[in-house]
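Undergrad: Contents of run_10.txt (compact mmCIF, C-alpha atoms) are below:
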```txt
# COMPACT_ATOMS: atom_id res chain seq x y z
CA MET A 1 30.02 81.34 51.09
CA GLU A 2 33.16 82.09 49.11
CA VAL A 3 35.70 79.25 48.96
CA LEU A 4 39.24 80.57 49.07
CA ALA A 5 41.85 78.99 46.83
CA THR A 6 44.75 77.21 48.52
CA PRO A 7 48.16 76.24 47.14
CA PHE A 8 47.06 72.59 47.17
CA ALA A 9 43.78 73.38 45.39
CA ASP A 10 45.85 75.20 42.79
CA LYS A 11 48.00 72.08 42.34
CA VAL A 12 44.90 69.93 41.85
CA LYS A 13 43.55 72.36 39.25
CA GLU A 14 46.93 72.52 37.50
CA ALA A 15 47.05 68.70 37.32
CA ARG A 16 43.56 68.60 35.82
CA ASP A 17 44.44 71.33 33.31
CA THR A 18 47.55 69.34 32.34
CA LEU A 19 45.41 66.23 31.87
CA ASP A 20 42.90 68.09 29.70
CA ALA A 21 45.67 69.56 27.54
CA HIS A 22 47.22 66.12 27.17
CA VAL A 23 43.86 64.66 26.13
CA ARG A 24 43.59 67.29 23.39
CA ASP A 25 47.11 66.48 22.18
CA MET A 26 46.45 62.74 22.11
CA VAL A 27 43.11 63.10 20.33
CA ALA A 28 44.80 65.36 17.76
CA TRP A 29 47.47 62.70 17.22
CA HIS A 30 45.27 59.59 17.09
CA PHE A 31 42.53 61.08 14.92
CA ASN A 32 44.85 62.82 12.45
CA PRO A 33 45.07 60.88 9.14
CA GLY A 34 48.81 61.54 9.05
CA THR A 35 49.63 60.23 12.53
CA GLY A 36 46.75 58.10 13.82
CA CYS A 37 46.47 54.32 13.65
CA PRO A 38 44.05 52.57 11.24
CA PHE A 39 41.73 51.50 14.07
CA TRP A 40 40.97 55.00 15.33
CA LEU A 41 40.83 56.53 11.87
CA GLU A 42 38.23 53.94 10.82
CA PHE A 43 36.41 54.43 14.13
CA ALA A 44 36.18 58.18 13.46
CA GLU A 45 34.52 57.57 10.08
CA GLU A 46 31.50 56.09 11.92
CA LEU A 47 31.09 59.11 14.22
CA ASP A 48 28.76 62.02 13.52
CA PHE A 49 31.26 64.52 14.95
CA ASP A 50 34.95 65.37 14.64
CA PRO A 51 36.78 64.28 17.82
CA GLN A 52 39.53 66.83 17.19
CA ARG A 53 36.97 69.64 17.34
CA GLU A 54 34.59 68.35 20.00
CA ILE A 55 36.87 66.77 22.61
CA GLY A 56 38.35 69.55 24.71
CA GLY A 57 39.40 67.57 27.78
CA TYR A 58 39.07 64.38 29.77
CA SER A 59 35.34 64.71 30.52
CA ASP A 60 34.58 64.91 26.78
CA LEU A 61 35.99 61.42 26.17
CA LYS A 62 32.53 60.14 27.11
CA TYR A 63 31.47 61.03 23.56
CA LEU A 64 33.61 58.10 22.37
CA GLY A 65 31.86 55.59 24.64
CA HIS A 66 33.79 52.83 26.39
CA PHE A 67 36.80 51.05 24.97
CA GLN A 68 35.84 47.39 24.44
CA ASP A 69 37.76 44.28 25.44
CA GLU A 70 37.09 42.59 22.13
CA TRP A 71 38.90 45.27 20.12
CA LEU A 72 42.24 43.98 21.45
CA ARG A 73 41.47 40.28 21.19
CA GLY A 74 42.91 38.97 17.93
CA GLY A 75 44.40 40.68 14.91
CA PRO A 76 45.42 42.26 12.76
CA VAL A 77 47.63 43.92 15.37
CA ARG A 78 49.09 46.34 12.82
CA ARG A 79 45.84 48.31 12.89
CA TRP A 80 47.07 49.71 16.24
CA ILE A 81 50.40 51.08 14.94
CA PRO A 82 50.20 54.89 14.58
CA ARG A 83 51.18 56.15 11.15
CA GLY A 84 53.23 58.84 12.84
CA SER A 85 55.57 56.25 14.36
CA GLU A 86 55.29 53.26 12.01
CA GLU A 87 59.03 53.37 11.24
CA GLN A 88 59.93 52.63 14.86
CA ARG A 89 60.61 49.10 16.07
CA THR A 90 57.44 47.59 17.46
CA TYR A 91 56.75 45.03 20.18
CA VAL A 92 53.56 43.10 20.82
CA PHE A 93 52.63 42.19 24.39
CA GLU A 94 49.79 40.04 25.65
CA THR A 95 47.67 40.23 28.77
CA GLY A 96 47.42 37.17 30.97
CA GLY A 97 44.27 35.80 29.38
CA SER A 98 42.50 35.30 32.72
CA THR A 99 39.24 36.69 31.33
CA GLY A 100 39.32 34.93 27.95
CA VAL A 101 41.44 35.21 24.82
CA PRO A 102 44.53 37.33 25.65
CA LYS A 103 44.45 40.96 24.59
CA TYR A 104 47.26 42.28 22.39
CA ARG A 105 49.00 45.58 23.08
CA ILE A 106 51.30 47.11 20.48
CA SER A 107 54.20 48.99 22.07
CA GLN A 108 57.23 50.93 20.89
CA ASN A 109 58.62 53.08 23.71
CA ASP A 110 55.90 53.12 26.35
CA PHE A 111 57.21 50.34 28.53
CA GLN A 112 60.63 51.99 28.72
CA ILE A 113 59.11 55.39 29.54
CA ASP A 114 56.79 53.90 32.18
CA TYR A 115 59.62 52.15 33.98
CA GLU A 116 61.99 55.11 33.73
CA MET A 117 59.32 57.12 35.55
CA PHE A 118 58.85 54.35 38.11
CA SER A 119 62.61 54.17 38.67
CA GLU A 120 62.57 57.76 39.93
CA HIS A 121 60.35 56.64 42.84
CA LEU A 122 62.72 53.93 44.09
CA SER A 123 65.13 54.52 46.95
CA GLU A 124 68.78 54.51 45.94
CA GLU A 125 69.63 53.09 49.36
CA THR A 126 67.42 50.02 49.16
CA PHE A 127 67.34 49.68 45.36
CA PRO A 128 71.00 50.67 44.85
CA LYS A 129 72.39 51.67 41.49
CA GLY A 130 74.63 48.95 40.09
CA ALA A 131 72.84 46.14 41.94
CA ASP A 132 71.61 43.11 40.03
CA TRP A 133 67.97 42.02 40.07
CA LEU A 134 65.90 38.84 40.16
CA MET A 135 62.69 38.95 38.11
CA LEU A 136 60.55 36.22 39.70
CA GLY A 137 57.34 36.64 37.75
CA PRO A 138 55.53 35.85 34.50
CA THR A 139 57.68 35.63 31.37
CA GLY A 140 56.82 34.83 27.75
CA PRO A 141 54.74 37.37 25.80
CA ARG A 142 54.15 39.68 28.75
CA ARG A 143 55.40 43.22 28.97
CA LEU A 144 56.46 42.70 32.59
CA ARG A 145 59.40 40.48 31.68
CA LEU A 146 61.08 43.06 29.41
CA ALA A 147 60.02 45.99 31.57
CA VAL A 148 61.62 44.73 34.78
CA GLU A 149 64.79 43.84 32.89
CA TYR A 150 64.85 47.36 31.44
CA LEU A 151 64.29 48.87 34.91
CA CYS A 152 67.27 46.91 36.20
CA GLN A 153 69.44 47.94 33.25
CA ILE A 154 68.76 51.67 33.51
CA ARG A 155 69.78 51.42 37.17
CA GLY A 156 73.07 49.84 36.13
CA GLY A 157 72.30 46.22 36.92
CA ILE A 158 71.93 42.85 35.25
CA CYS A 159 68.56 41.12 35.50
CA PHE A 160 68.27 37.39 36.18
CA LEU A 161 65.09 35.70 34.97
CA VAL A 162 63.22 32.45 35.59
CA ASP A 163 61.00 30.42 33.25
CA LEU A 164 57.40 30.92 34.36
CA ASP A 165 54.22 30.31 32.35
CA PRO A 166 51.22 31.51 34.40
CA ARG A 167 48.78 30.17 31.82
CA TRP A 168 49.97 26.63 32.56
CA VAL A 169 49.44 27.34 36.28
CA ASN A 170 45.87 28.46 35.53
CA LYS A 171 45.19 25.26 33.58
CA LEU A 172 46.46 23.15 36.46
CA ILE A 173 44.18 25.01 38.87
CA LYS A 174 41.14 24.68 36.61
CA ARG A 175 41.51 20.90 36.32
CA GLY A 176 42.35 20.45 39.99
CA ALA A 177 45.82 19.05 39.35
CA LEU A 178 47.12 20.14 42.73
CA GLN A 179 50.09 17.77 42.82
CA GLU A 180 51.28 19.00 39.43
CA LEU A 181 50.71 22.56 40.58
CA GLU A 182 52.95 22.05 43.61
CA LEU A 183 55.64 20.46 41.43
CA TYR A 184 55.54 23.40 39.02
CA LYS A 185 55.72 25.96 41.83
CA ALA A 186 58.70 24.08 43.27
CA HIS A 187 60.35 24.16 39.82
CA VAL A 188 59.94 27.95 39.64
CA ILE A 189 61.17 28.54 43.19
CA ASP A 190 64.16 26.24 42.63
CA GLN A 191 65.23 28.46 39.72
CA ALA A 192 65.06 31.53 41.95
CA LEU A 193 67.02 29.84 44.73
CA THR A 194 69.76 28.83 42.29
CA ILE A 195 70.09 32.43 41.10
CA LEU A 196 70.20 33.87 44.62
CA ARG A 197 72.75 31.36 45.90
CA ALA A 198 75.07 31.75 42.91
CA ASN A 199 74.98 35.55 42.50
CA ASP A 200 75.91 37.69 45.49
CA ASN A 201 75.22 40.98 43.68
CA VAL A 202 71.45 40.36 43.41
CA LYS A 203 70.08 42.99 45.81
CA CYS A 204 66.66 43.78 44.32
CA MET A 205 63.76 41.84 42.94
CA PHE A 206 60.29 41.89 41.48
CA THR A 207 57.80 39.17 42.35
CA THR A 208 54.13 38.50 43.09
CA PRO A 209 52.60 37.96 46.55
CA LYS A 210 52.12 34.21 46.09
CA LEU A 211 55.65 33.65 44.79
CA LEU A 212 57.18 35.83 47.51
CA GLU A 213 55.50 33.74 50.18
CA GLU A 214 56.67 30.50 48.53
CA LEU A 215 60.24 31.80 48.24
CA CYS A 216 60.37 32.93 51.87
CA GLU A 217 59.53 29.40 53.01
CA LYS A 218 62.87 28.31 51.53
CA ILE A 219 65.25 31.18 52.23
CA SER A 220 65.77 34.32 54.31
CA LEU A 221 65.87 37.04 51.68
CA GLN A 222 67.46 39.46 54.12
CA LYS A 223 70.32 37.02 54.76
CA ALA A 224 70.56 36.46 51.00
CA GLY A 225 71.33 40.17 50.62
CA ILE A 226 68.02 41.42 49.20
CA SER A 227 67.42 45.04 50.24
CA GLY A 228 64.46 46.06 48.04
CA ILE A 229 61.43 44.23 46.61
CA PHE A 230 58.71 45.64 44.44
CA CYS A 231 55.70 43.43 44.26
CA GLY A 232 52.43 43.40 42.39
CA GLY A 233 49.50 41.10 41.81
CA THR A 234 45.84 40.41 42.48
CA GLU A 235 46.46 39.44 46.10
CA MET A 236 48.39 42.61 46.97
CA ASN A 237 46.00 43.75 49.70
CA ALA A 238 46.30 45.25 53.18
CA GLN A 239 46.49 41.82 54.81
CA PHE A 240 49.40 40.71 52.62
CA ASN A 241 51.07 44.12 52.94
CA ARG A 242 51.16 43.69 56.72
CA PHE A 243 52.19 40.02 56.50
CA ALA A 244 55.06 40.81 54.12
CA ARG A 245 56.43 43.73 56.12
CA GLU A 246 56.09 42.17 59.58
CA GLU A 247 56.69 38.46 58.97
CA LEU A 248 58.02 37.58 55.51
CA ILE A 249 60.64 40.27 54.89
CA PRO A 250 61.07 42.59 57.90
CA GLY A 251 63.88 45.05 57.29
CA ILE A 252 63.56 44.91 53.49
CA ASP A 253 62.09 47.87 51.59
CA PHE A 254 58.73 46.63 50.27
CA VAL A 255 57.18 48.61 47.40
CA PRO A 256 53.69 47.51 46.29
CA THR A 257 52.75 48.31 42.72
CA TYR A 258 49.62 48.28 40.59
CA GLY A 259 50.13 47.99 36.88
CA ASN A 260 49.26 46.08 33.77
CA THR A 261 49.99 45.82 30.07
CA LEU A 262 47.33 48.39 29.20
CA MET A 263 48.17 51.11 31.72
CA GLY A 264 51.77 51.13 32.84
CA LEU A 265 52.59 51.53 36.52
CA ALA A 266 50.80 53.33 39.33
CA TYR A 267 52.74 54.61 42.34
CA SER A 268 51.95 53.57 45.91
CA LYS A 269 51.66 56.25 48.58
CA PRO A 270 54.29 55.88 51.32
CA LEU A 271 52.74 53.88 54.13
CA GLU A 272 51.67 55.78 57.27
CA PRO A 273 50.36 54.36 60.60
CA GLU A 274 46.84 55.67 60.00
CA ASP A 275 46.64 53.67 56.74
CA ASN A 276 46.43 50.41 58.73
CA TYR A 277 48.40 48.78 55.88
CA ALA A 278 45.82 49.73 53.23
CA ILE A 279 47.62 50.52 49.96
CA THR A 280 46.75 53.62 47.94
CA TYR A 281 47.90 53.90 44.34
CA TYR A 282 48.08 56.95 42.08
CA PRO A 283 48.19 56.53 38.29
CA PRO A 284 50.92 58.19 36.16
CA VAL A 285 48.89 61.24 35.14
CA PRO A 286 48.63 62.46 32.39
CA ARG A 287 49.79 59.28 30.62
CA ALA A 288 47.04 57.32 32.34
CA PHE A 289 44.03 58.28 34.42
CA ILE A 290 41.75 56.20 36.64
CA GLU A 291 38.15 56.98 37.49
CA LEU A 292 36.08 54.87 39.89
CA VAL A 293 32.56 54.44 38.62
CA ASN A 294 29.24 52.93 39.64
CA PRO A 295 29.26 49.35 38.27
CA ASP A 296 25.59 49.67 37.33
CA ASN A 297 26.06 53.08 35.70
CA PRO A 298 29.64 53.57 34.42
CA ASP A 299 28.90 57.19 33.53
CA GLU A 300 28.52 57.98 37.25
CA GLU A 301 31.63 58.53 39.37
CA VAL A 302 31.47 57.29 42.97
CA ASP A 303 32.21 59.57 45.93
CA TYR A 304 35.50 59.58 47.83
CA ASP A 305 35.98 56.53 50.10
CA GLU A 306 33.24 54.65 48.22
CA VAL A 307 33.90 51.48 46.21
CA GLY A 308 33.65 51.66 42.43
CA ARG A 309 34.78 49.78 39.36
CA VAL A 310 38.10 50.89 37.86
CA MET A 311 37.69 52.77 34.58
CA LEU A 312 41.09 53.21 32.97
CA THR A 313 42.11 55.69 30.28
CA THR A 314 45.55 55.36 28.68
CA LEU A 315 46.85 58.38 26.80
CA THR A 316 50.15 57.95 24.98
CA LYS A 317 51.17 58.51 21.37
CA GLU A 318 51.42 54.80 20.75
CA PHE A 319 48.26 53.72 22.61
CA PHE A 320 44.95 55.49 23.10
CA MET A 321 42.42 53.63 25.25
CA PRO A 322 39.55 55.80 26.54
CA ARG A 323 37.32 54.73 29.44
CA PHE A 324 38.07 51.01 29.61
CA LEU A 325 36.20 49.14 32.36
CA GLU A 326 38.86 47.07 34.11
CA ARG A 327 38.38 43.80 36.01
CA ASP A 328 39.26 45.61 39.28
CA GLU A 329 37.38 47.57 41.92
CA ALA A 330 38.66 49.88 44.65
CA GLU A 331 37.85 52.77 46.98
CA ARG A 332 38.22 56.26 45.55
CA ALA A 333 41.08 58.09 47.30
CA LYS A 334 41.57 61.85 47.51
CA PRO A 335 44.49 63.66 45.86
CA ILE A 336 47.59 64.20 47.99
CA GLU A 337 50.48 66.64 47.81
CA ALA A 338 52.76 64.29 45.89
CA TYR A 339 49.98 63.18 43.53
CA PRO A 340 47.35 65.92 43.17
CA TRP A 341 44.78 63.71 41.43
CA ASP A 342 42.49 60.85 42.45
CA GLY A 343 43.92 57.55 43.60
CA VAL A 344 42.59 54.06 44.36
CA ARG A 345 42.69 52.29 47.72
CA ASN A 346 42.12 48.64 48.70
CA LEU A 347 42.26 47.44 45.14
CA GLY A 348 40.81 44.01 44.39
CA LEU A 349 39.16 41.87 41.76
CA PHE A 350 35.79 43.20 40.60
CA SER A 351 33.23 41.31 42.71
CA GLU A 352 31.14 40.17 39.72
CA LEU A 353 34.20 38.45 38.21
CA GLN A 354 35.57 36.76 41.33
CA GLU A 355 34.14 33.33 40.52
CA SER A 356 35.15 33.36 36.85
CA VAL A 357 38.73 34.66 37.03
CA VAL A 358 41.66 32.41 37.91
CA VAL A 359 44.51 34.49 39.35
CA GLY A 360 47.13 31.70 39.47
CA VAL A 361 50.61 32.91 40.44
CA TYR A 362 49.40 36.50 40.89
```
Please lay out the structure from this file as structure tokens.

TA:
Amino acid sequence: MEVLATPFADKVKEARDTLDAHVRDMVAWHFNPGTGCPFWLEFAEELDFDPQREIGGYSDLKYLGHFQDEWLRGGPVRRWIPRGSEEQRTYVFETGGSTGVPKYRISQNDFQIDYEMFSEHLSEETFPKGADWLMLGPTGPRRLRLAVEYLCQIRGGICFLVDLDPRWVNKLIKRGALQELELYKAHVIDQALTILRANDNVKCMFTTPKLLEELCEKISLQKAGISGIFCGGTEMNAQFNRFAREELIPGIDFVPTYGNTLMGLAYSKPLEPEDNYAITYYPPVPRAFIELVNPDNPDEEVDYDEVGRVMLTTLTKEFFMPRFLERDEAERAKPIEAYPWDGVRNLGLFSELQESVVVGVY
């Protein structure tokens, strides 16, 4: 039986063609001796093929195997700086360290680009231009701290920040120091309350599910003038999505997000009644792509609506990370009109890691 093409099917094909072309461009950049970083140029010397000749699209990245955690743990970090952009100012960001020694991510412009793209998806009514922001989340060596501040700035605002060290929270949890943990949480929330009470122009904020719940025990954010919150973290699930919208912050625009230091930011599909509060995210293709794979056979993609482990590929000029097996799992979601590529639904911590990972303030 002949299958007729549809405008939507054409959009899906166009998105895949764009991804494949982008893969070719990124492979050409990262494996070129004039532009690539020392890590990938040395990696290529051990291969029995030329990636620039053999990799014609996303599916061919399997020839490179899986990107390994250990490659980003420890230095020298300069091995990740592309020769083609080594004159640019360079940042180093760290992951949270919840699965061991923190991973390092070299960055130059990616975090600005990622958040400029994310800014285009925010409502100007509920995240108004010129409004100030509260960043109630992890600070220190994490990309999130600078990225949220940059997001606020490009929207014409000033970003207020708190001191928050999630690694100290994790240590308190691991040694069962619950009284100290409560004192530290109170210290963090007190900082946020001081900012909100002293600055009437704070209309928007970023925070995590746990911190949002703690904050709402102390103050009505709607009465405080908050109109938009974007929120991300391990416990951002359907249950919390409903709880936040119906009980914690009714009347405030609530935008869930899925992102990390290695990927950037995924976009959440606008919530519809049939979703039953389940959150579906779509990665920023072609800069990043997510595939959901069989945990026992990562070369096998799961079917739509089945649960698989997140396999992340990041494809930018400053960072090339093919087929990295993340600590998350989710259901595979079908492409939609706004995002004609695969998404992830009901994201959560990979089941095999649930006992070993401390999520702390996330």

Undergrad: Within 9 Å of A:Gly34, counting only C-alpha atoms, which residues show up once you throw out same-chain ones fewer than 6 positions away? Write them as a PyMOL selection string, please.

TA: chain A and resi 82-84

Undergrad: Skip stretch 6-8 of chain A itself and residues of its chain fewer than 3 positions away, then list as a PyMOL selection string all residues within 10 Å of it, counting all atoms listed in the file.

TA: chain A and resi 3+11-14+335-337+340

Undergrad: Would you mind exporting the chosen residues as an mmCIF file, in the frame of the given file, restricted to C-alpha atoms?

TA:
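Done, and the output landed in result.cif:
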```cif
data_model
loop_
_atom_site.group_PDB
_atom_site.id
_atom_site.type_symbol
_atom_site.label_atom_id
_atom_site.label_comp_id
_atom_site.auth_asym_id
_atom_site.auth_seq_id
_atom_site.Cartn_x
_atom_site.Cartn_y
_atom_site.Cartn_z
ATOM 1 C CA VAL A 3 35.700 79.250 48.960
ATOM 2 C CA LYS A 11 48.000 72.080 42.340
ATOM 3 C CA VAL A 12 44.900 69.930 41.850
ATOM 4 C CA LYS A 13 43.550 72.360 39.250
ATOM 5 C CA GLU A 14 46.930 72.520 37.500
ATOM 6 C CA PRO A 335 44.490 63.660 45.860
ATOM 7 C CA ILE A 336 47.590 64.200 47.990
ATOM 8 C CA GLU A 337 50.480 66.640 47.810
ATOM 9 C CA PRO A 340 47.350 65.920 43.170
#
```

Undergrad: Counting all atoms listed in the file, figure out which residue out of A:Leu215, A:Ala278, A:Ala192, A:Leu183 gets nearest to A:Met236.

TA: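 For A:Met236, the nearest of the given residues is A:Ala278.
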
Undergrad: Could you tell me which of A:Val307, A:Leu122, A:Leu325, A:Val255 comes closest to A:Pro209 if we count all atoms listed in the file?

TA: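 Counting all atoms listed in the file, the residue closest to A:Pro209 is A:Val255.
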
Undergrad: Pick the closest to A:Glu149 from A:Asp200, A:Glu217, A:Glu116, A:Asp165: which is it, counting all atoms listed in the file?

TA: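 The shortest atom-to-atom distance to A:Glu149 comes from A:Glu116.
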
Undergrad: Need the axis-aligned box for stretch 171-183 of chain A with 8 Å each side, so what are the centre and edges in Å to one decimal, as JSON?

TA:
```
{"center_x": 48.4, "center_y": 21.5, "center_z": 38.6, "size_x": 30.5, "size_y": 23.5, "size_z": 26.0}
```

Undergrad: Counting all atoms listed in the file, note down every residue that has an atom within 9 Å of the point (45.2, 46.5, 28.5) (file coordinates), as a PyMOL selection string.

TA: chain A and resi 69+72+94-95+103-105+260-263+314+321+324+326

Undergrad: So the first atom is atom CA of A:Leu146 and the second is atom CA of A:Ala266; what is the distance between them in Å, to one decimal place?

TA: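 It comes out at 17.6 Å.
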
Undergrad: Just how far from atom CA of A:Pro286 is atom CA of A:Leu19, in Å to one decimal?

TA: 5.0 Å

Undergrad: For A:Asp253, find every residue with an atom within 8 Å (counting all atoms listed in the file), except residues of its own chain fewer than 3 positions away, and show them as a list of chain:residue names.

TA: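 Final neighbour list, sorted by chain and number: A:Thr126, A:Ser227, A:Gly228, A:Ile229.
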
Undergrad: Write a file of the just-selected residues containing C-alpha atoms, as a short mmCIF file (atom, residue, chain, number, x, y, z; two decimals), keeping the file's coordinate frame.

TA:
```cif
data_model
loop_
_atom_site.label_atom_id
_atom_site.label_comp_id
_atom_site.auth_asym_id
_atom_site.auth_seq_id
_atom_site.Cartn_x
_atom_site.Cartn_y
_atom_site.Cartn_z
CA THR A 126 67.42 50.02 49.16
CA SER A 227 67.42 45.04 50.24
CA GLY A 228 64.46 46.06 48.04
CA ILE A 229 61.43 44.23 46.61
#
```

Undergrad: Give me the residues near A:Asn199 as a VMD selection string, where near means some atom within 12 Å (using all atoms listed in the file) and where sequence neighbours in that chain fewer than 3 positions away do not count.

TA: chain A and resid 131 to 134 158 to 160 192 to 196 202 to 204 224 to 226

Undergrad: If you count all atoms listed in the file, which residues fall within 10 Å of A:Trp80, apart from same-chain ones fewer than 6 positions away, as a PyMOL selection string?

TA: chain A and resi 36-40+72+86+104-107+318-320

Undergrad: Could you please determine the separation between atom CA of A:Met117 and atom CA of A:Asp20 in Å, to one decimal place?

TA: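 Calculated distance between atom CA of A:Met117 and atom CA of A:Asp20 is 20.6 Å.
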